[in-house]
file protein.tsv (TSV, C-alpha atoms and all ligand atoms)
chain	number	residue	atom	x	y	z
A	1	MET	CA	6.39	33.74	4.49
A	2	LYS	CA	7.10	30.06	5.27
A	3	LYS	CA	7.31	27.55	2.45
A	4	PHE	CA	6.55	23.81	2.58
A	5	GLY	CA	7.16	21.22	-0.14
A	6	ILE	CA	5.16	18.03	-0.62
A	7	LEU	CA	6.04	14.91	-2.61
A	8	THR	CA	4.41	11.54	-3.22
A	9	GLY	CA	6.72	8.54	-3.71
A	10	GLY	CA	6.49	4.79	-4.41
A	11	GLY	CA	3.41	3.01	-5.73
A	12	ASP	CA	0.45	5.35	-6.09
A	13	CYS	CA	-2.80	4.69	-4.24
A	14	PRO	CA	-6.24	6.22	-3.83
A	15	GLY	CA	-6.13	8.99	-1.21
A	16	LEU	CA	-2.96	10.78	-2.32
A	17	ASN	CA	-4.88	13.67	-3.88
A	18	PRO	CA	-6.99	14.24	-0.73
A	19	VAL	CA	-3.67	14.51	1.19
A	20	ILE	CA	-2.23	17.03	-1.31
A	21	ARG	CA	-5.44	19.04	-1.12
A	22	ALA	CA	-5.50	18.99	2.70
A	23	VAL	CA	-1.84	20.00	3.03
A	24	THR	CA	-2.30	22.85	0.56
A	25	ARG	CA	-5.49	24.16	2.15
A	26	LYS	CA	-4.32	23.87	5.75
A	27	ALA	CA	-0.98	25.51	4.90
A	28	SER	CA	-2.75	28.34	3.02
A	29	ASN	CA	-5.05	28.89	6.01
A	30	GLU	CA	-1.90	29.24	8.15
A	31	GLY	CA	-0.27	31.68	5.72
A	32	VAL	CA	2.27	29.12	4.43
A	33	LYS	CA	3.19	28.77	0.75
A	34	VAL	CA	3.19	25.23	-0.71
A	35	ILE	CA	4.99	23.76	-3.70
A	36	GLY	CA	4.52	20.30	-5.13
A	37	ILE	CA	7.62	18.24	-5.92
A	38	GLU	CA	7.00	16.08	-8.98
A	39	ASN	CA	7.63	12.32	-9.21
A	40	GLY	CA	8.76	11.60	-5.65
A	41	TRP	CA	12.47	11.83	-4.81
A	42	GLU	CA	13.30	12.24	-8.50
A	43	GLY	CA	11.72	15.70	-8.35
A	44	MET	CA	13.89	16.72	-5.41
A	45	ILE	CA	17.02	15.55	-7.28
A	46	LYS	CA	16.07	17.31	-10.53
A	47	ASN	CA	14.30	20.28	-8.97
A	48	LEU	CA	10.95	19.56	-10.64
A	49	THR	CA	8.26	21.60	-8.91
A	50	ILE	CA	4.77	22.95	-9.42
A	51	PRO	CA	3.09	25.69	-7.38
A	52	LEU	CA	0.10	24.58	-5.32
A	53	ASP	CA	-2.71	26.79	-4.10
A	54	ILE	CA	-6.38	26.54	-3.25
A	55	GLN	CA	-7.29	26.85	-6.96
A	56	SER	CA	-4.92	24.18	-8.21
A	57	VAL	CA	-6.12	21.58	-5.70
A	58	SER	CA	-9.79	22.31	-6.26
A	59	GLY	CA	-11.74	19.26	-7.46
A	60	ILE	CA	-9.02	16.67	-6.80
A	61	LEU	CA	-10.59	15.10	-3.67
A	62	PRO	CA	-12.33	12.22	-5.53
A	63	LYS	CA	-9.52	11.64	-8.04
A	64	GLY	CA	-7.34	8.53	-7.89
A	65	GLY	CA	-3.56	8.60	-8.40
A	66	THR	CA	-1.50	11.67	-7.57
A	67	ILE	CA	-1.47	15.01	-9.39
A	68	LEU	CA	2.23	15.27	-8.47
A	69	GLY	CA	3.25	12.03	-10.16
A	70	THR	CA	5.40	9.42	-8.44
A	71	SER	CA	8.47	7.25	-8.94
A	72	ARG	CA	10.44	4.56	-7.17
A	73	THR	CA	13.63	6.67	-7.19
A	74	ASN	CA	16.04	5.88	-4.37
A	75	PRO	CA	18.52	8.76	-3.93
A	76	TYR	CA	20.65	6.64	-1.62
A	77	LYS	CA	21.74	4.55	-4.62
A	78	ASN	CA	23.98	7.48	-5.56
A	79	PRO	CA	25.57	9.90	-3.05
A	80	LYS	CA	25.45	12.67	-5.70
A	81	ASP	CA	21.63	12.47	-5.67
A	82	VAL	CA	21.49	12.97	-1.90
A	83	LYS	CA	23.77	16.02	-2.29
A	84	LYS	CA	21.46	17.41	-4.98
A	85	ILE	CA	18.42	16.96	-2.74
A	86	LYS	CA	20.13	18.95	0.00
A	87	GLU	CA	21.13	21.69	-2.46
A	88	ASN	CA	17.64	21.90	-3.92
A	89	PHE	CA	16.07	22.00	-0.46
A	90	LYS	CA	18.12	25.16	0.14
A	91	LYS	CA	17.58	26.58	-3.35
A	92	LEU	CA	13.81	26.18	-2.99
A	93	LYS	CA	14.01	27.88	0.43
A	94	LEU	CA	11.91	25.12	2.00
A	95	ASN	CA	11.13	25.31	5.70
A	96	ALA	CA	9.80	21.76	5.62
A	97	LEU	CA	9.28	18.88	3.24
A	98	ILE	CA	6.25	16.60	3.63
A	99	ALA	CA	7.00	13.15	2.21
A	100	VAL	CA	3.99	10.94	1.51
A	101	GLY	CA	4.90	7.29	1.02
A	102	GLY	CA	5.38	3.77	2.27
A	103	GLU	CA	8.41	2.07	3.81
A	104	ASP	CA	10.76	3.03	0.93
A	105	THR	CA	9.86	6.72	0.56
A	106	LEU	CA	9.69	7.18	4.33
A	107	GLY	CA	12.96	5.26	4.76
A	108	VAL	CA	14.61	7.91	2.58
A	109	ALA	CA	12.79	10.67	4.51
A	110	ASN	CA	14.18	9.28	7.77
A	111	LYS	CA	17.75	9.21	6.46
A	112	LEU	CA	17.46	12.77	5.17
A	113	PHE	CA	16.07	13.90	8.52
A	114	LYS	CA	19.07	12.32	10.24
A	115	GLU	CA	21.29	14.30	7.89
A	116	GLY	CA	19.64	17.54	8.96
A	117	LEU	CA	16.67	18.10	6.63
A	118	ASN	CA	13.32	19.24	8.03
A	119	VAL	CA	11.14	16.34	6.96
A	120	VAL	CA	7.66	15.18	8.05
A	121	GLY	CA	6.10	11.89	6.89
A	122	ILE	CA	2.61	10.74	5.93
A	123	PRO	CA	1.99	6.96	5.59
A	124	LYS	CA	0.38	5.58	2.43
A	125	THR	CA	0.11	2.15	0.84
A	126	ILE	CA	-2.62	-0.22	-0.28
A	127	ASP	CA	-0.61	-2.98	1.47
A	128	ASN	CA	-1.29	-1.59	5.00
A	129	ASP	CA	2.12	-2.98	6.01
A	130	LEU	CA	3.61	0.10	7.64
A	131	SER	CA	4.25	-0.19	11.40
A	132	GLU	CA	3.09	2.29	14.03
A	133	THR	CA	-0.19	3.12	12.30
A	134	ASP	CA	-3.38	1.05	12.45
A	135	TYR	CA	-4.17	1.95	8.85
A	136	THR	CA	-2.53	3.57	5.86
A	137	PHE	CA	-4.82	5.29	3.37
A	138	GLY	CA	-5.30	3.40	0.11
A	139	PHE	CA	-5.91	0.10	1.90
A	140	ASP	CA	-9.62	0.64	2.47
A	141	THR	CA	-10.25	1.45	-1.20
A	142	ALA	CA	-8.17	-1.57	-2.27
A	143	ILE	CA	-10.09	-4.04	-0.10
A	144	ASN	CA	-13.44	-2.61	-1.21
A	145	ILE	CA	-12.50	-3.03	-4.88
A	146	ALA	CA	-11.16	-6.55	-4.23
A	147	THR	CA	-14.35	-7.45	-2.35
A	148	GLU	CA	-16.50	-6.29	-5.23
A	149	CYS	CA	-14.41	-8.37	-7.64
A	150	ILE	CA	-14.72	-11.46	-5.39
A	151	ASP	CA	-18.51	-10.97	-5.29
A	152	ARG	CA	-18.55	-10.89	-9.08
A	153	LEU	CA	-16.38	-13.99	-9.32
A	154	HIS	CA	-18.73	-15.82	-6.94
A	155	THR	CA	-21.68	-15.65	-9.31
A	156	THR	CA	-19.75	-16.93	-12.32
A	157	ALA	CA	-18.01	-19.59	-10.19
A	158	GLU	CA	-21.41	-20.85	-9.05
A	159	SER	CA	-22.89	-20.95	-12.56
A	160	HIS	CA	-19.95	-22.90	-13.98
A	161	HIS	CA	-19.23	-25.06	-10.92
A	162	ARG	CA	-15.63	-23.85	-10.89
A	163	VAL	CA	-12.87	-22.99	-8.47
A	164	MET	CA	-11.83	-19.37	-8.92
A	165	VAL	CA	-8.36	-18.40	-7.70
A	166	VAL	CA	-8.05	-14.65	-7.08
A	167	GLU	CA	-4.54	-13.20	-6.73
A	168	VAL	CA	-4.31	-9.89	-4.89
A	169	MET	CA	-1.44	-7.49	-4.21
A	170	GLY	CA	-0.01	-6.79	-0.77
A	171	ARG	CA	3.67	-7.66	-1.18
A	172	HIS	CA	4.91	-9.56	1.93
A	173	ALA	CA	1.84	-8.90	4.09
A	174	GLY	CA	-1.53	-10.63	3.95
A	175	TRP	CA	-3.75	-7.70	4.88
A	176	ILE	CA	-5.46	-7.24	1.52
A	177	ALA	CA	-5.97	-10.98	1.01
A	178	THR	CA	-7.32	-11.54	4.53
A	179	GLU	CA	-9.70	-8.59	4.74
A	180	SER	CA	-11.04	-8.80	1.16
A	181	GLY	CA	-11.27	-12.58	1.47
A	182	MET	CA	-13.25	-12.27	4.69
A	183	ALA	CA	-15.52	-9.60	3.26
A	184	GLY	CA	-16.03	-11.57	0.05
A	185	GLY	CA	-16.68	-14.89	1.81
A	186	ALA	CA	-13.65	-16.68	0.34
A	187	ASP	CA	-13.38	-20.42	1.04
A	188	VAL	CA	-9.61	-20.35	1.43
A	189	ILE	CA	-7.27	-17.39	2.02
A	190	LEU	CA	-3.53	-17.80	1.49
A	191	ILE	CA	-1.10	-15.26	2.88
A	192	PRO	CA	2.67	-14.67	2.92
A	193	GLU	CA	2.89	-15.06	6.69
A	194	ILE	CA	1.75	-18.73	6.63
A	195	PRO	CA	3.28	-21.20	4.12
A	196	ILE	CA	0.75	-22.84	1.81
A	197	ASN	CA	-0.20	-26.41	2.68
A	198	ILE	CA	-1.60	-27.52	-0.67
A	199	ASN	CA	-3.01	-30.79	0.73
A	200	ASN	CA	-5.08	-28.78	3.18
A	201	VAL	CA	-6.29	-26.43	0.46
A	202	CYS	CA	-7.41	-29.32	-1.77
A	203	ASN	CA	-9.08	-31.12	1.15
A	204	ILE	CA	-11.05	-28.01	2.07
A	205	LEU	CA	-12.30	-27.67	-1.50
A	206	LYS	CA	-13.20	-31.37	-1.79
A	207	LYS	CA	-15.02	-31.35	1.55
A	208	ARG	CA	-16.95	-28.30	0.45
A	209	CYS	CA	-17.95	-30.10	-2.74
A	210	SER	CA	-19.06	-33.16	-0.79
A	211	ARG	CA	-21.55	-31.02	1.09
A	212	GLY	CA	-23.05	-29.79	-2.16
A	213	LYS	CA	-21.00	-26.67	-2.85
A	214	ASP	CA	-19.45	-27.41	-6.22
A	215	PHE	CA	-17.80	-24.00	-6.61
A	216	SER	CA	-15.20	-22.21	-4.50
A	217	ILE	CA	-13.21	-19.02	-4.18
A	218	VAL	CA	-9.52	-19.11	-3.20
A	219	VAL	CA	-7.92	-15.74	-2.44
A	220	ALA	CA	-4.12	-15.75	-2.62
A	221	ALA	CA	-1.82	-12.91	-1.68
A	222	GLU	CA	0.86	-12.33	-4.35
A	223	GLY	CA	3.51	-12.97	-1.67
A	224	ALA	CA	2.10	-16.34	-0.52
A	225	LYS	CA	4.51	-19.23	-0.98
A	226	PHE	CA	4.52	-23.01	-0.70
A	227	LYS	CA	6.07	-24.68	2.35
A	228	LYS	CA	9.23	-25.63	0.50
A	229	GLY	CA	9.02	-23.13	-2.31
A	230	ASN	CA	10.36	-19.69	-3.09
A	231	LEU	CA	8.44	-16.52	-3.76
A	232	ILE	CA	6.96	-16.54	-7.25
A	233	VAL	CA	7.99	-13.44	-9.17
A	234	ARG	CA	7.12	-11.87	-12.51
A	235	ARG	CA	10.49	-10.16	-12.80
A	236	THR	CA	13.66	-11.10	-10.96
A	237	LYS	CA	15.32	-7.72	-11.64
A	238	LYS	CA	14.92	-5.74	-8.43
A	239	ASP	CA	13.74	-2.13	-8.22
A	240	ALA	CA	15.83	0.70	-6.70
A	241	PHE	CA	14.77	-0.38	-3.21
A	242	GLY	CA	15.58	-4.06	-3.76
A	243	HIS	CA	12.04	-5.36	-4.35
A	244	GLU	CA	11.20	-8.04	-6.87
A	245	LEU	CA	7.98	-7.71	-8.86
A	246	LEU	CA	5.75	-10.37	-7.31
A	247	GLY	CA	3.09	-12.29	-9.20
A	248	GLY	CA	2.25	-15.73	-10.54
A	249	ILE	CA	1.20	-17.63	-7.42
A	250	GLY	CA	-2.44	-17.59	-8.60
A	251	HIS	CA	-1.64	-19.45	-11.82
A	252	ARG	CA	0.60	-21.95	-10.02
A	253	LEU	CA	-2.13	-22.68	-7.46
A	254	ALA	CA	-4.84	-23.07	-10.09
A	255	GLU	CA	-2.74	-25.59	-11.99
A	256	ILE	CA	-2.09	-27.71	-8.91
A	257	ILE	CA	-5.64	-27.46	-7.56
A	258	GLY	CA	-7.06	-28.42	-10.96
A	259	LYS	CA	-4.75	-31.45	-11.25
A	260	ARG	CA	-5.24	-32.71	-7.70
A	261	THR	CA	-8.99	-32.21	-7.34
A	262	GLY	CA	-10.22	-32.54	-10.89
A	263	PHE	CA	-12.25	-29.33	-10.44
A	264	GLU	CA	-12.31	-26.90	-13.32
A	265	THR	CA	-10.24	-23.93	-12.18
A	266	ARG	CA	-9.74	-20.35	-13.38
A	267	VAL	CA	-7.48	-17.50	-12.26
A	268	THR	CA	-8.03	-13.75	-11.92
A	269	VAL	CA	-5.11	-11.48	-11.06
A	270	LEU	CA	-6.47	-8.21	-9.69
A	271	GLY	CA	-3.08	-6.46	-9.71
A	272	HIS	CA	-3.04	-2.69	-10.25
A	273	ILE	CA	-6.85	-2.49	-10.40
A	274	LEU	CA	-6.58	-2.28	-6.59
A	275	ARG	CA	-4.41	0.84	-6.84
A	276	GLY	CA	-6.51	2.79	-9.32
A	277	GLY	CA	-9.67	4.86	-9.21
A	278	SER	CA	-11.48	7.03	-6.76
A	279	PRO	CA	-10.65	6.77	-3.02
A	280	SER	CA	-13.29	5.42	-0.61
A	281	ALA	CA	-14.88	7.82	1.89
A	282	PHE	CA	-12.66	6.34	4.63
A	283	ASP	CA	-9.48	7.00	2.63
A	284	ARG	CA	-10.57	10.55	1.75
A	285	VAL	CA	-11.19	11.32	5.41
A	286	LEU	CA	-7.98	9.63	6.61
A	287	GLY	CA	-5.91	11.37	3.93
A	288	THR	CA	-7.46	14.71	4.87
A	289	ARG	CA	-6.76	14.17	8.59
A	290	PHE	CA	-3.16	13.11	7.86
A	291	GLY	CA	-2.61	16.15	5.62
A	292	VAL	CA	-3.82	18.63	8.23
A	293	ALA	CA	-1.83	16.89	10.99
A	294	ALA	CA	1.37	16.91	8.88
A	295	VAL	CA	1.14	20.68	8.39
A	296	GLU	CA	0.66	21.08	12.14
A	297	LEU	CA	3.78	18.95	12.79
A	298	ALA	CA	5.79	21.03	10.32
A	299	LEU	CA	4.57	24.30	11.86
A	300	ARG	CA	5.59	23.10	15.34
A	301	GLY	CA	8.99	21.95	14.07
A	302	ASP	CA	8.24	18.28	14.87
A	303	PHE	CA	10.56	16.97	12.19
A	304	GLY	CA	11.42	13.29	11.79
A	305	PHE	CA	7.85	12.39	12.75
A	306	MET	CA	5.07	10.75	10.77
A	307	THR	CA	1.32	11.13	11.20
A	308	ALA	CA	-0.37	7.88	12.25
A	309	LEU	CA	-3.80	6.53	13.12
A	310	LYS	CA	-4.10	4.80	16.49
A	311	GLY	CA	-7.63	3.82	17.41
A	312	ASN	CA	-9.53	6.80	16.09
A	313	LYS	CA	-6.88	9.37	16.99
A	314	ILE	CA	-4.27	10.94	14.75
A	315	VAL	CA	-0.93	10.86	16.55
A	316	LYS	CA	2.72	11.47	15.69
A	317	VAL	CA	5.30	8.67	15.68
A	318	PRO	CA	9.03	8.76	14.83
A	319	ILE	CA	9.45	7.83	11.14
A	320	GLU	CA	12.37	5.68	12.24
A	321	LYS	CA	10.07	3.39	14.27
A	322	ALA	CA	7.54	3.10	11.46
A	323	VAL	CA	10.08	1.89	8.88
A	324	LYS	CA	11.97	-0.48	11.15
A	325	HIS	CA	9.75	-3.57	10.72
A	326	LEU	CA	7.04	-4.55	8.31
A	327	LYS	CA	3.58	-4.76	9.88
A	328	THR	CA	2.50	-8.27	8.96
A	329	ILE	CA	-0.98	-9.71	9.48
A	330	ASP	CA	-2.60	-9.82	12.89
A	331	LEU	CA	-2.81	-13.59	13.35
A	332	GLU	CA	-5.92	-13.26	15.55
A	333	LEU	CA	-7.67	-11.75	12.55
A	334	TYR	CA	-6.47	-14.55	10.28
A	335	ASP	CA	-7.72	-17.14	12.79
A	336	ILE	CA	-11.18	-15.61	12.57
A	337	ALA	CA	-10.99	-15.76	8.77
A	338	LYS	CA	-10.04	-19.48	9.01
A	339	GLU	CA	-13.26	-20.28	10.88
A	340	PHE	CA	-15.09	-19.68	7.58
A	341	PHE	CA	-12.87	-21.74	5.28
A	342	GLY	CA	-14.65	-24.39	3.25
B	1	LIG	O1	3.33	-1.56	-2.55
B	1	LIG	C1	2.23	-1.41	-3.37
B	1	LIG	C2	2.25	-2.44	-4.48
B	1	LIG	O2	1.06	-2.28	-5.24
B	1	LIG	C3	2.40	-3.89	-4.02
B	1	LIG	O3	1.21	-4.43	-3.52
B	1	LIG	C4	2.91	-4.54	-5.28
B	1	LIG	O4	3.64	-5.71	-5.00
B	1	LIG	C5	3.78	-3.47	-5.88
B	1	LIG	O5	3.36	-2.24	-5.34
B	1	LIG	C6	3.74	-3.41	-7.38
B	1	LIG	O6	4.69	-2.53	-7.82
B	1	LIG	P1	4.69	-1.78	-9.22
B	1	LIG	O7	3.87	-0.55	-9.08
B	1	LIG	O8	6.13	-1.44	-9.43
B	1	LIG	O9	4.13	-2.71	-10.25

call {"tool": "encode", "arguments": {"input": "protein.tsv", "output": "structure tokens", "more": "lines below"}}
Ligand code: F6P
result
Amino acid sequence: MKKFGILTGGGDCPGLNPVIRAVTRKASNEGVKVIGIENGWEGMIKNLTIPLDIQSVSGILPKGGTILGTSRTNPYKNPKDVKKIKENFKKLKLNALIAVGGEDTLGVANKLFKEGLNVVGIPKTIDNDLSETDYTFGFDTAINIATECIDRLHTTAESHHRVMVVEVMGRHAGWIATESGMAGGADVILIPEIPININNVCNILKKRCSRGKDFSIVVAAEGAKFKKGNLIVRRTKKDAFGHELLGGIGHRLAEIIGKRTGFETRVTVLGHILRGGSPSAFDRVLGTRFGVAAVELALRGDFGFMTALKGNKIVKVPIEKAVKHLKTIDLELYDIAKEFFG
């Protein structure tokens, strides 16, 4: 009997449990045994596993997070960890390992594949910044939650005649800010890909006020930065993959906007709210399609590939291509968003 492992690594997001369920059910239907590896790459290093079967994945479709746990462990920080992963792969008698993650987790998957391990990838992240796929699951839920929050902030902004600055996650890509800002009718959207011109921002808000709109919503991606400024971070200590913990641009913007315009200004940082809770229908369906496709890739021996969504088709792409560059915002989309500023 064949045996597949599955792990979830990096930041969690809604849709991981639908993937775990789909992989387990599809594999069972094909007569393949599945084990879950706990806490991402840490579980492969320490041999932390749990058996998965149709019973154990029953009822997890609508649940947020991941029943397998996750971590930001990077085995390539220590050659001994990579050796342990290879040993455990053999010890566990795995025919394939399905790695569900973003650029970091899949970057490790790609290196392990190059070193001879049978690995298949599935793309996840709320940031939607992974190349070679139109969407990652988690993103749709995140923008729906952010949109609902922006709607709520609109009503209180209007009552108090205030400017509300909303900081959203997304790391170095402006997907979440742009799409939730568009859906929520934001008056200004600031993204990492385009340096902030604070004079422009203040002028837009003042012009809006002069035509009778004495409240505004400014959506800022956590990775947005001023023309001459650096990234604003909450913690300078980098994680195992070299990322700083972003955050703080919302407060900086509110301070400047308040001073320059005289408008009363407040800040809301949505942060991890966007990563929690039940996945949207879109993310449940995408996660399910990715899970089934990943099992098919593993059964065919298509290792080193990742499932991806192109148009409305699930396709396979080399993991290597997907992790090469970050997928930053489509500037045509941002131009459309700009038409509605002010
Ligand atoms: O990559 C997903 C993400 O939520 C980013 O948007 C954010 O910058 C980061 O993870 C936060 O990381 P952590 O979970 O370590 O706080």

call {"tool": "closest_residue", "arguments": {"input": "protein.tsv", "among": "A:Ile98, A:Cys13, A:Ile67, A:Leu61", "to": "ligand LIG 1 (chain B)", "atoms": "all atoms listed in the file"}}
result
A:Cys13

call {"tool": "closest_residue", "arguments": {"input": "protein.tsv", "among": "A:Lys114, A:His251, A:Arg235, A:Arg275", "to": "ligand LIG 1 (chain B)", "atoms": "all atoms listed in the file"}}
result
A:Arg275

call {"tool": "residues_around", "arguments": {"input": "protein.tsv", "residues": "Lys206 in chain A", "least_positions_apart": "2", "cutoff": "12 Å", "atoms": "only C-alpha atoms", "output": "mmCIF file with C-alpha atoms, in the frame of the given file"}}
result
data_model
loop_
_atom_site.group_PDB
_atom_site.id
_atom_site.type_symbol
_atom_site.label_atom_id
_atom_site.label_comp_id
_atom_site.auth_asym_id
_atom_site.auth_seq_id
_atom_site.Cartn_x
_atom_site.Cartn_y
_atom_site.Cartn_z
ATOM 1 C CA VAL A 163 -12.870 -22.990 -8.470
ATOM 2 C CA ASP A 187 -13.380 -20.420 1.040
ATOM 3 C CA ASN A 199 -3.010 -30.790 0.730
ATOM 4 C CA ASN A 200 -5.080 -28.780 3.180
ATOM 5 C CA VAL A 201 -6.290 -26.430 0.460
ATOM 6 C CA CYS A 202 -7.410 -29.320 -1.770
ATOM 7 C CA ASN A 203 -9.080 -31.120 1.150
ATOM 8 C CA ILE A 204 -11.050 -28.010 2.070
ATOM 9 C CA ARG A 208 -16.950 -28.300 0.450
ATOM 10 C CA CYS A 209 -17.950 -30.100 -2.740
ATOM 11 C CA SER A 210 -19.060 -33.160 -0.790
ATOM 12 C CA ARG A 211 -21.550 -31.020 1.090
ATOM 13 C CA GLY A 212 -23.050 -29.790 -2.160
ATOM 14 C CA LYS A 213 -21.000 -26.670 -2.850
ATOM 15 C CA ASP A 214 -19.450 -27.410 -6.220
ATOM 16 C CA PHE A 215 -17.800 -24.000 -6.610
ATOM 17 C CA SER A 216 -15.200 -22.210 -4.500
ATOM 18 C CA ILE A 257 -5.640 -27.460 -7.560
ATOM 19 C CA GLY A 258 -7.060 -28.420 -10.960
ATOM 20 C CA ARG A 260 -5.240 -32.710 -7.700
ATOM 21 C CA THR A 261 -8.990 -32.210 -7.340
ATOM 22 C CA GLY A 262 -10.220 -32.540 -10.890
ATOM 23 C CA PHE A 263 -12.250 -29.330 -10.440
ATOM 24 C CA PHE A 341 -12.870 -21.740 5.280
ATOM 25 C CA GLY A 342 -14.650 -24.390 3.250
#

call {"tool": "closest_residue", "arguments": {"input": "protein.tsv", "among": "A:Lys313, A:Leu245, A:Leu253, A:Asn78", "to": "Leu190 in chain A", "atoms": "all atoms listed in the file"}}
result
A:Leu253

call {"tool": "residues_near_ligand", "arguments": {"input": "protein.tsv", "ligand": "ligand LIG 1 (chain B)", "cutoff": "6 Å", "atoms": "only C-alpha atoms and all ligand atoms", "output": "list of chain:residue names"}}
result
A:Gly11, A:Thr125, A:Ile126, A:Asp127, A:Met169, A:Gly170, A:Arg171, A:Leu246

call {"tool": "closest_residue", "arguments": {"input": "protein.tsv", "among": "A:His243, A:Glu103, A:Asn128, A:Glu115", "to": "His325 in chain A", "atoms": "all atoms listed in the file"}}
result
A:Glu103
